[in-house]
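model-v2.cif follows (mmCIF, C-alpha atoms):
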data_data
loop_
_atom_site.group_PDB
_atom_site.id
_atom_site.type_symbol
_atom_site.label_atom_id
_atom_site.label_comp_id
_atom_site.auth_asym_id
_atom_site.auth_seq_id
_atom_site.Cartn_x
_atom_site.Cartn_y
_atom_site.Cartn_z
ATOM 1 C CA LYS A 1 21.851 -270.466 -97.889
ATOM 2 C CA ARG A 2 24.461 -269.786 -95.184
ATOM 3 C CA ARG A 3 26.811 -268.457 -97.850
ATOM 4 C CA ILE A 4 24.209 -265.920 -98.988
ATOM 5 C CA ASN A 5 23.590 -264.793 -95.390
ATOM 6 C CA THR A 6 27.338 -264.359 -94.801
ATOM 7 C CA ALA A 7 27.674 -262.246 -97.962
ATOM 8 C CA MET A 8 24.670 -260.115 -96.926
ATOM 9 C CA GLU A 9 26.083 -259.669 -93.413
ATOM 10 C CA SER A 10 29.393 -258.595 -94.918
ATOM 11 C CA LEU A 11 27.673 -256.061 -97.187
ATOM 12 C CA GLU A 12 25.638 -254.717 -94.281
ATOM 13 C CA HIS A 13 28.798 -254.346 -92.190
ATOM 14 C CA ILE A 14 30.469 -252.369 -95.010
ATOM 15 C CA ALA A 15 27.344 -250.209 -95.350
ATOM 16 C CA TRP A 16 27.387 -249.366 -91.621
ATOM 17 C CA VAL A 17 31.132 -248.589 -91.677
ATOM 18 C CA LEU A 18 30.598 -246.136 -94.535
ATOM 19 C CA LEU A 19 27.664 -244.505 -92.750
ATOM 20 C CA GLY A 20 29.770 -244.171 -89.612
ATOM 21 C CA ARG A 21 32.600 -242.589 -91.584
ATOM 22 C CA TYR A 22 30.569 -240.090 -93.608
ATOM 23 C CA GLY A 23 27.184 -239.755 -91.901
ATOM 24 C CA VAL A 24 25.590 -239.351 -95.336
ATOM 25 C CA VAL A 25 26.335 -241.830 -98.100
ATOM 26 C CA PHE A 26 25.685 -241.582 -101.821
ATOM 27 C CA ARG A 27 27.444 -242.843 -104.916
ATOM 28 C CA ARG A 28 29.707 -239.833 -105.488
ATOM 29 C CA VAL A 29 31.026 -239.683 -101.908
ATOM 30 C CA LEU A 30 32.292 -243.253 -102.223
ATOM 31 C CA GLU A 31 34.419 -242.596 -105.324
ATOM 32 C CA ARG A 32 37.712 -242.458 -103.435
ATOM 33 C CA GLU A 33 37.004 -245.522 -101.320
ATOM 34 C CA PRO A 34 39.094 -248.439 -102.583
ATOM 35 C CA ALA A 35 37.838 -251.990 -103.067
ATOM 36 C CA LEU A 36 34.160 -251.454 -102.315
ATOM 37 C CA PRO A 37 31.426 -253.703 -103.609
ATOM 38 C CA PRO A 38 29.435 -252.235 -106.516
ATOM 39 C CA TRP A 39 27.093 -249.366 -105.618
ATOM 40 C CA ARG A 40 24.052 -251.392 -106.719
ATOM 41 C CA GLU A 41 24.801 -253.984 -104.013
ATOM 42 C CA LEU A 42 25.269 -251.334 -101.324
ATOM 43 C CA LEU A 43 22.125 -249.590 -102.550
ATOM 44 C CA TYR A 44 20.126 -252.763 -101.928
ATOM 45 C CA VAL A 45 21.483 -252.932 -98.356
ATOM 46 C CA TYR A 46 20.794 -249.230 -97.702
ATOM 47 C CA ARG A 47 17.215 -249.600 -98.961
ATOM 48 C CA ARG A 48 16.695 -252.524 -96.577
ATOM 49 C CA LEU A 49 18.128 -250.543 -93.639
ATOM 50 C CA GLU A 50 15.826 -247.642 -94.522
ATOM 51 C CA ALA A 51 12.805 -249.953 -94.735
ATOM 52 C CA ARG A 52 13.657 -251.271 -91.254
ATOM 53 C CA GLY A 53 13.764 -247.675 -89.965
ATOM 54 C CA GLU A 54 17.445 -247.819 -88.987
ATOM 55 C CA ILE A 55 18.608 -245.075 -91.370
ATOM 56 C CA ARG A 56 17.008 -242.266 -93.355
ATOM 57 C CA GLY A 57 16.747 -241.999 -97.112
ATOM 58 C CA GLY A 58 16.272 -238.714 -98.922
ATOM 59 C CA ARG A 59 18.063 -235.783 -100.474
ATOM 60 C CA PHE A 60 20.539 -234.412 -97.939
ATOM 61 C CA VAL A 61 23.265 -232.956 -100.172
ATOM 62 C CA GLN A 62 21.502 -230.920 -102.839
ATOM 63 C CA GLN A 63 24.167 -230.733 -105.543
ATOM 64 C CA PHE A 64 24.166 -234.494 -106.116
ATOM 65 C CA ALA A 65 21.591 -236.624 -107.864
ATOM 66 C CA GLY A 66 20.684 -240.146 -106.922
ATOM 67 C CA GLU A 67 19.686 -241.873 -103.737
ATOM 68 C CA GLN A 68 21.249 -240.712 -100.480
ATOM 69 C CA PHE A 69 21.161 -242.352 -97.068
ATOM 70 C CA ALA A 70 22.035 -240.913 -93.674
ATOM 71 C CA LEU A 71 22.271 -241.733 -90.016
ATOM 72 C CA PRO A 72 19.431 -240.036 -88.104
ATOM 73 C CA GLU A 73 21.941 -238.004 -86.046
ATOM 74 C CA ALA A 74 23.664 -236.831 -89.250
ATOM 75 C CA VAL A 75 20.389 -235.390 -90.537
ATOM 76 C CA GLY A 76 20.044 -233.293 -87.372
ATOM 77 C CA ALA A 77 23.679 -232.161 -87.577
ATOM 78 C CA LEU A 78 23.241 -231.086 -91.201
ATOM 79 C CA LYS A 79 20.180 -229.008 -90.285
ATOM 80 C CA LEU A 80 22.131 -227.285 -87.505
ATOM 81 C CA MET A 81 25.070 -226.571 -89.830
ATOM 82 C CA ARG A 82 22.775 -225.021 -92.427
ATOM 83 C CA LYS A 83 21.392 -222.575 -89.841
ATOM 84 C CA ARG A 84 24.788 -221.777 -88.268
ATOM 85 C CA ASP A 85 26.518 -218.482 -89.010
ATOM 86 C CA PRO A 86 30.130 -218.731 -90.250
ATOM 87 C CA ASP A 87 32.592 -218.321 -87.365
ATOM 88 C CA GLU A 88 35.911 -218.428 -89.251
ATOM 89 C CA THR A 89 36.841 -221.882 -87.915
ATOM 90 C CA HIS A 90 39.890 -223.312 -89.670
ATOM 91 C CA VAL A 91 40.585 -227.044 -89.685
ATOM 92 C CA VAL A 92 43.561 -228.799 -91.267
ATOM 93 C CA VAL A 93 43.232 -232.469 -92.238
ATOM 94 C CA SER A 94 45.558 -234.966 -93.855
ATOM 95 C CA ALA A 95 44.807 -235.736 -97.484
ATOM 96 C CA ALA A 96 44.498 -239.373 -96.384
ATOM 97 C CA ASP A 97 41.577 -238.433 -94.090
ATOM 98 C CA PRO A 98 38.039 -239.290 -95.267
ATOM 99 C CA LEU A 99 37.268 -235.546 -94.983
ATOM 100 C CA ASN A 100 39.448 -234.983 -98.048
ATOM 101 C CA LEU A 101 36.574 -234.726 -100.495
ATOM 102 C CA LEU A 102 38.264 -232.110 -102.654
ATOM 103 C CA GLY A 103 37.352 -232.693 -106.289
ATOM 104 C CA ILE A 104 34.618 -235.131 -105.254
ATOM 105 C CA LEU A 105 32.116 -233.007 -103.349
ATOM 106 C CA THR A 106 33.788 -229.655 -103.908
ATOM 107 C CA PRO A 107 35.073 -228.001 -107.079
ATOM 108 C CA GLY A 108 38.688 -228.348 -108.107
ATOM 109 C CA SER A 109 41.043 -231.176 -108.776
ATOM 110 C CA ARG A 110 41.510 -234.009 -106.322
ATOM 111 C CA LEU A 111 44.226 -233.913 -103.705
ATOM 112 C CA PRO A 112 46.029 -237.288 -103.682
ATOM 113 C CA ALA A 113 45.483 -239.193 -100.440
ATOM 114 C CA VAL A 114 49.149 -239.118 -99.425
ATOM 115 C CA ALA A 115 50.009 -238.531 -95.761
ATOM 116 C CA GLY A 116 52.252 -235.512 -96.506
ATOM 117 C CA ASN A 117 49.493 -233.683 -98.374
ATOM 118 C CA ARG A 118 47.108 -231.556 -96.315
ATOM 119 C CA LEU A 119 43.908 -229.606 -96.770
ATOM 120 C CA ARG A 120 42.713 -226.521 -94.880
ATOM 121 C CA TYR A 121 39.025 -225.761 -94.502
ATOM 122 C CA ARG A 122 37.458 -222.490 -93.369
ATOM 123 C CA ASP A 123 33.912 -223.017 -92.122
ATOM 124 C CA GLY A 124 33.803 -226.296 -94.052
ATOM 125 C CA VAL A 125 34.944 -224.810 -97.376
ATOM 126 C CA PRO A 126 38.352 -225.852 -98.801
ATOM 127 C CA GLU A 127 40.666 -222.861 -98.696
ATOM 128 C CA ALA A 128 44.235 -224.098 -99.254
ATOM 129 C CA VAL A 129 46.202 -227.295 -99.810
ATOM 130 C CA LEU A 130 49.723 -228.482 -99.138
ATOM 131 C CA HIS A 131 50.598 -230.689 -102.111
ATOM 132 C CA ASN A 132 54.096 -232.124 -102.544
ATOM 133 C CA GLY A 133 55.475 -229.570 -100.098
ATOM 134 C CA GLU A 134 53.954 -226.563 -101.875
ATOM 135 C CA VAL A 135 50.994 -224.526 -100.637
ATOM 136 C CA HIS A 136 48.265 -223.752 -103.169
ATOM 137 C CA PHE A 137 45.384 -221.415 -102.387
ATOM 138 C CA LEU A 138 41.866 -222.309 -103.488
ATOM 139 C CA ALA A 139 40.316 -219.020 -102.386
ATOM 140 C CA VAL A 140 41.324 -215.381 -102.530
ATOM 141 C CA LEU A 141 43.202 -214.587 -99.309
ATOM 142 C CA THR A 142 45.034 -211.542 -98.028
ATOM 143 C CA ALA A 143 48.800 -211.789 -97.516
ATOM 144 C CA ALA A 144 48.266 -212.240 -93.765
ATOM 145 C CA GLU A 145 45.683 -214.990 -94.358
ATOM 146 C CA GLN A 146 48.041 -216.712 -96.799
ATOM 147 C CA TRP A 147 50.838 -216.662 -94.227
ATOM 148 C CA GLN A 148 48.524 -218.075 -91.542
ATOM 149 C CA ALA A 149 47.226 -220.793 -93.891
ATOM 150 C CA THR A 150 50.781 -221.762 -94.847
ATOM 151 C CA GLN A 151 51.804 -222.037 -91.190
ATOM 152 C CA GLN A 152 48.762 -224.116 -90.304
ATOM 153 C CA LEU A 153 49.249 -226.469 -93.251
ATOM 154 C CA ARG A 154 52.896 -227.013 -92.345
ATOM 155 C CA ARG A 155 52.008 -227.764 -88.685
ATOM 156 C CA GLY A 156 49.924 -230.712 -89.749
ATOM 157 C CA PRO A 157 46.529 -232.345 -89.464
ATOM 158 C CA GLY A 158 44.229 -231.639 -86.598
ATOM 159 C CA TYR A 159 45.298 -228.028 -86.277
ATOM 160 C CA ARG A 160 42.232 -225.977 -85.511
ATOM 161 C CA SER A 161 41.982 -222.256 -85.000
ATOM 162 C CA LEU A 162 39.128 -219.897 -84.309
ATOM 163 C CA SER A 163 38.882 -216.246 -85.168
ATOM 164 C CA SER A 164 40.526 -213.866 -82.708
ATOM 165 C CA GLU A 165 37.074 -212.811 -81.537
ATOM 166 C CA ALA A 166 36.166 -216.415 -80.721
ATOM 167 C CA ARG A 167 39.499 -216.894 -78.859
ATOM 168 C CA ALA A 168 39.180 -213.742 -76.769
ATOM 169 C CA PRO A 169 38.403 -214.362 -73.102
ATOM 170 C CA ARG A 170 34.834 -213.632 -72.175
ATOM 171 C CA PRO A 171 34.114 -210.992 -69.574
ATOM 172 C CA ALA A 172 33.170 -212.337 -66.163
#

Represent the structure from my file as C-alpha cells, please.
Amino acid sequence: KRRINTAMESLEHIAWVLLGRYGVVFRRVLEREPALPPWRELLYVYRRLEARGEIRGGRFVQQFAGEQFALPEAVGALKLMRKRDPDETHVVVSAADPLNLLGILTPGSRLPAVAGNRLRYRDGVPEAVLHNGEVHFLAVLTAAEQWQATQQLRRGPGYRSLSSEARAPRPA
C-alpha cells in the first residue's frame, strides 16, 4: 500500500509542476515534455485535484479538444488577456523555454528546443524565429520591422520591447 501512495504522490507532484509551468494543462501542451507518465495517469490525478476543488476543469483553450485543467489564477489571467487590446509588446524567448509552443499550440513547424534557437512573439503571437543562426519570419513584416525583429532575436531571450507610444514618457 505504501508503494501505491508513493507512486500517487509522485504523479501528483508532476501534475502540480506542469500546472505551475503552463497554468493550463491538456494533452497537446505536454507533447514536448520529455519522460512524462502517460496522459491517462495524469488525467486521473487532475480529475482528483478538480474534485477536491484545488484546480479548475473546463475548456480554456478553444482550439483543442479533450479535458483541460487550470490553476484558478490562470483562468482569471486568461480572461484578462482575452479582453486586453493589443499593445505591440514583443518578447523573445529561448527555444528551450516552455513558452516555445510553436507547432504545438500555434501553426507552423516546431522550433527545436536548442539554446541557440529563439522565438519572438508580438502580443503573444509568434512572429519570427532564429533557427540555426538564420532569422525566419512567420508573419508579414515591413523592412523596418524585420530589422528590429532580427536585432531582438540576436540579442537573446528575455528581450522585451514596447511600442514607441508605450515607451514615451507620460506628461506630468

Proximity check region 16-63 of chain A to region 102-116 of chain A, 10 Å, nearest pairs one decimal Å, all atoms listed in the file, as a tab-separated table:
residue	atom	partner	partner_atom	distance
A:Arg28	CA	A:Ile104	CA	6.8
A:Val29	CA	A:Ile104	CA	6.7
A:Leu30	CA	A:Ile104	CA	9.0
A:Glu31	CA	A:Ile104	CA	7.5
A:Arg32	CA	A:Ile104	CA	8.2
A:Val61	CA	A:Leu105	CA	9.4
A:Gln63	CA	A:Leu105	CA	8.6

Explicit residue set for the PyMOL selection byres ((chain A and resi 58) around 8), as a PyMOL selection string: chain A and resi 56-57+59-60+67-69

- request: Go through the shown structure with the PyMOL selection byres ((chain A and resi 49) around 12) and write out the matching residues as a PyMOL selection string.
  value: chain A and resi 11-13+15-16+19+42-48+50-57+69-72

message: Evaluate the PyMOL selection byres ((chain A and resi 119) around 12) against this structure - the residues, as a ChimeraX atom specification, please.
response: /A:90-103,110-118,120-122,124-132,134-138,149-150,152-160

- request: Have a look at CA of Asp87 (chain A) and CA of Asp123 (chain A) and let me know their distance in Å, one decimal.
  value: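 Rounded to one decimal, the two atoms are 6.8 Å apart.
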
query: Between CA of Glu9 (chain A) and CA of Phe64 (chain A), what is the spacing in Å?
result: 28.3 Å

statement: Pairwise distance, CA of Ala139 (chain A) with CA of Ala74 (chain A), equals 27.7 Å

Missing atoms in region 136-158 of chain A need filling: write out N, CA, C and O atoms for it as a PDB file, in the coordinates of the input.
ATOM      1  N   HIS A 136      49.076-224.311-102.092  1.00  0.00           N
ATOM      2  CA  HIS A 136      48.265-223.752-103.169  1.00  0.00           C
ATOM      3  C   HIS A 136      46.969-223.238-102.549  1.00  0.00           C
ATOM      4  O   HIS A 136      46.355-223.922-101.734  1.00  0.00           O
ATOM      5  N   PHE A 137      46.575-222.039-102.956  1.00  0.00           N
ATOM      6  CA  PHE A 137      45.384-221.415-102.387  1.00  0.00           C
ATOM      7  C   PHE A 137      44.191-221.630-103.311  1.00  0.00           C
ATOM      8  O   PHE A 137      44.292-221.429-104.519  1.00  0.00           O
ATOM      9  N   LEU A 138      43.078-222.028-102.734  1.00  0.00           N
ATOM     10  CA  LEU A 138      41.866-222.309-103.488  1.00  0.00           C
ATOM     11  C   LEU A 138      40.869-221.163-103.401  1.00  0.00           C
ATOM     12  O   LEU A 138      39.825-221.206-104.040  1.00  0.00           O
ATOM     13  N   ALA A 139      41.179-220.185-102.569  1.00  0.00           N
ATOM     14  CA  ALA A 139      40.316-219.020-102.386  1.00  0.00           C
ATOM     15  C   ALA A 139      41.201-217.780-102.373  1.00  0.00           C
ATOM     16  O   ALA A 139      42.409-217.872-102.177  1.00  0.00           O
ATOM     17  N   VAL A 140      40.587-216.646-102.576  1.00  0.00           N
ATOM     18  CA  VAL A 140      41.324-215.381-102.530  1.00  0.00           C
ATOM     19  C   VAL A 140      41.553-215.032-101.063  1.00  0.00           C
ATOM     20  O   VAL A 140      40.608-214.905-100.289  1.00  0.00           O
ATOM     21  N   LEU A 141      42.830-214.893-100.685  1.00  0.00           N
ATOM     22  CA  LEU A 141      43.202-214.587 -99.309  1.00  0.00           C
ATOM     23  C   LEU A 141      44.141-213.394 -99.291  1.00  0.00           C
ATOM     24  O   LEU A 141      44.906-213.182-100.232  1.00  0.00           O
ATOM     25  N   THR A 142      44.090-212.634 -98.209  1.00  0.00           N
ATOM     26  CA  THR A 142      45.034-211.542 -98.028  1.00  0.00           C
ATOM     27  C   THR A 142      46.407-212.143 -97.756  1.00  0.00           C
ATOM     28  O   THR A 142      46.534-213.344 -97.469  1.00  0.00           O
ATOM     29  N   ALA A 143      47.440-211.313 -97.792  1.00  0.00           N
ATOM     30  CA  ALA A 143      48.800-211.789 -97.516  1.00  0.00           C
ATOM     31  C   ALA A 143      48.893-212.378 -96.108  1.00  0.00           C
ATOM     32  O   ALA A 143      49.518-213.428 -95.895  1.00  0.00           O
ATOM     33  N   ALA A 144      48.242-211.740 -95.149  1.00  0.00           N
ATOM     34  CA  ALA A 144      48.266-212.240 -93.765  1.00  0.00           C
ATOM     35  C   ALA A 144      47.546-213.584 -93.668  1.00  0.00           C
ATOM     36  O   ALA A 144      48.015-214.501 -92.983  1.00  0.00           O
ATOM     37  N   GLU A 145      46.421-213.719 -94.366  1.00  0.00           N
ATOM     38  CA  GLU A 145      45.683-214.990 -94.358  1.00  0.00           C
ATOM     39  C   GLU A 145      46.483-216.097 -95.049  1.00  0.00           C
ATOM     40  O   GLU A 145      46.473-217.243 -94.619  1.00  0.00           O
ATOM     41  N   GLN A 146      47.196-215.735 -96.117  1.00  0.00           N
ATOM     42  CA  GLN A 146      48.041-216.712 -96.799  1.00  0.00           C
ATOM     43  C   GLN A 146      49.155-217.201 -95.887  1.00  0.00           C
ATOM     44  O   GLN A 146      49.446-218.396 -95.834  1.00  0.00           O
ATOM     45  N   TRP A 147      49.771-216.276 -95.155  1.00  0.00           N
ATOM     46  CA  TRP A 147      50.838-216.662 -94.227  1.00  0.00           C
ATOM     47  C   TRP A 147      50.288-217.596 -93.156  1.00  0.00           C
ATOM     48  O   TRP A 147      50.883-218.623 -92.849  1.00  0.00           O
ATOM     49  N   GLN A 148      49.136-217.253 -92.581  1.00  0.00           N
ATOM     50  CA  GLN A 148      48.524-218.075 -91.542  1.00  0.00           C
ATOM     51  C   GLN A 148      48.158-219.457 -92.088  1.00  0.00           C
ATOM     52  O   GLN A 148      48.410-220.479 -91.445  1.00  0.00           O
ATOM     53  N   ALA A 149      47.592-219.507 -93.285  1.00  0.00           N
ATOM     54  CA  ALA A 149      47.226-220.793 -93.891  1.00  0.00           C
ATOM     55  C   ALA A 149      48.469-221.646 -94.123  1.00  0.00           C
ATOM     56  O   ALA A 149      48.473-222.851 -93.841  1.00  0.00           O
ATOM     57  N   THR A 150      49.528-221.038 -94.608  1.00  0.00           N
ATOM     58  CA  THR A 150      50.781-221.762 -94.847  1.00  0.00           C
ATOM     59  C   THR A 150      51.314-222.345 -93.551  1.00  0.00           C
ATOM     60  O   THR A 150      51.723-223.515 -93.499  1.00  0.00           O
ATOM     61  N   GLN A 151      51.312-221.547 -92.481  1.00  0.00           N
ATOM     62  CA  GLN A 151      51.804-222.037 -91.190  1.00  0.00           C
ATOM     63  C   GLN A 151      50.948-223.189 -90.668  1.00  0.00           C
ATOM     64  O   GLN A 151      51.474-224.185 -90.181  1.00  0.00           O
ATOM     65  N   GLN A 152      49.650-223.062 -90.786  1.00  0.00           N
ATOM     66  CA  GLN A 152      48.762-224.116 -90.304  1.00  0.00           C
ATOM     67  C   GLN A 152      48.926-225.401 -91.112  1.00  0.00           C
ATOM     68  O   GLN A 152      48.938-226.489 -90.550  1.00  0.00           O
ATOM     69  N   LEU A 153      49.064-225.288 -92.417  1.00  0.00           N
ATOM     70  CA  LEU A 153      49.249-226.469 -93.251  1.00  0.00           C
ATOM     71  C   LEU A 153      50.571-227.167 -92.944  1.00  0.00           C
ATOM     72  O   LEU A 153      50.655-228.390 -92.950  1.00  0.00           O
ATOM     73  N   ARG A 154      51.588-226.408 -92.650  1.00  0.00           N
ATOM     74  CA  ARG A 154      52.896-227.013 -92.345  1.00  0.00           C
ATOM     75  C   ARG A 154      52.930-227.637 -90.952  1.00  0.00           C
ATOM     76  O   ARG A 154      53.701-228.546 -90.710  1.00  0.00           O
ATOM     77  N   ARG A 155      52.077-227.168 -90.034  1.00  0.00           N
ATOM     78  CA  ARG A 155      52.008-227.764 -88.685  1.00  0.00           C
ATOM     79  C   ARG A 155      51.406-229.146 -88.715  1.00  0.00           C
ATOM     80  O   ARG A 155      51.742-229.989 -87.910  1.00  0.00           O
ATOM     81  N   GLY A 156      50.456-229.365 -89.592  1.00  0.00           N
ATOM     82  CA  GLY A 156      49.924-230.712 -89.749  1.00  0.00           C
ATOM     83  C   GLY A 156      48.454-230.853 -89.432  1.00  0.00           C
ATOM     84  O   GLY A 156      47.791-229.914 -89.005  1.00  0.00           O
ATOM     85  N   PRO A 157      47.947-232.071 -89.647  1.00  0.00           N
ATOM     86  CA  PRO A 157      46.529-232.345 -89.464  1.00  0.00           C
ATOM     87  C   PRO A 157      46.077-232.133 -88.032  1.00  0.00           C
ATOM     88  O   PRO A 157      46.843-232.273 -87.096  1.00  0.00           O
ATOM     89  N   GLY A 158      44.820-231.809 -87.918  1.00  0.00           N
ATOM     90  CA  GLY A 158      44.229-231.639 -86.598  1.00  0.00           C
ATOM     91  C   GLY A 158      44.346-230.226 -86.083  1.00  0.00           C
ATOM     92  O   GLY A 158      43.703-229.861 -85.109  1.00  0.00           O
TER      93      GLY A 158
END
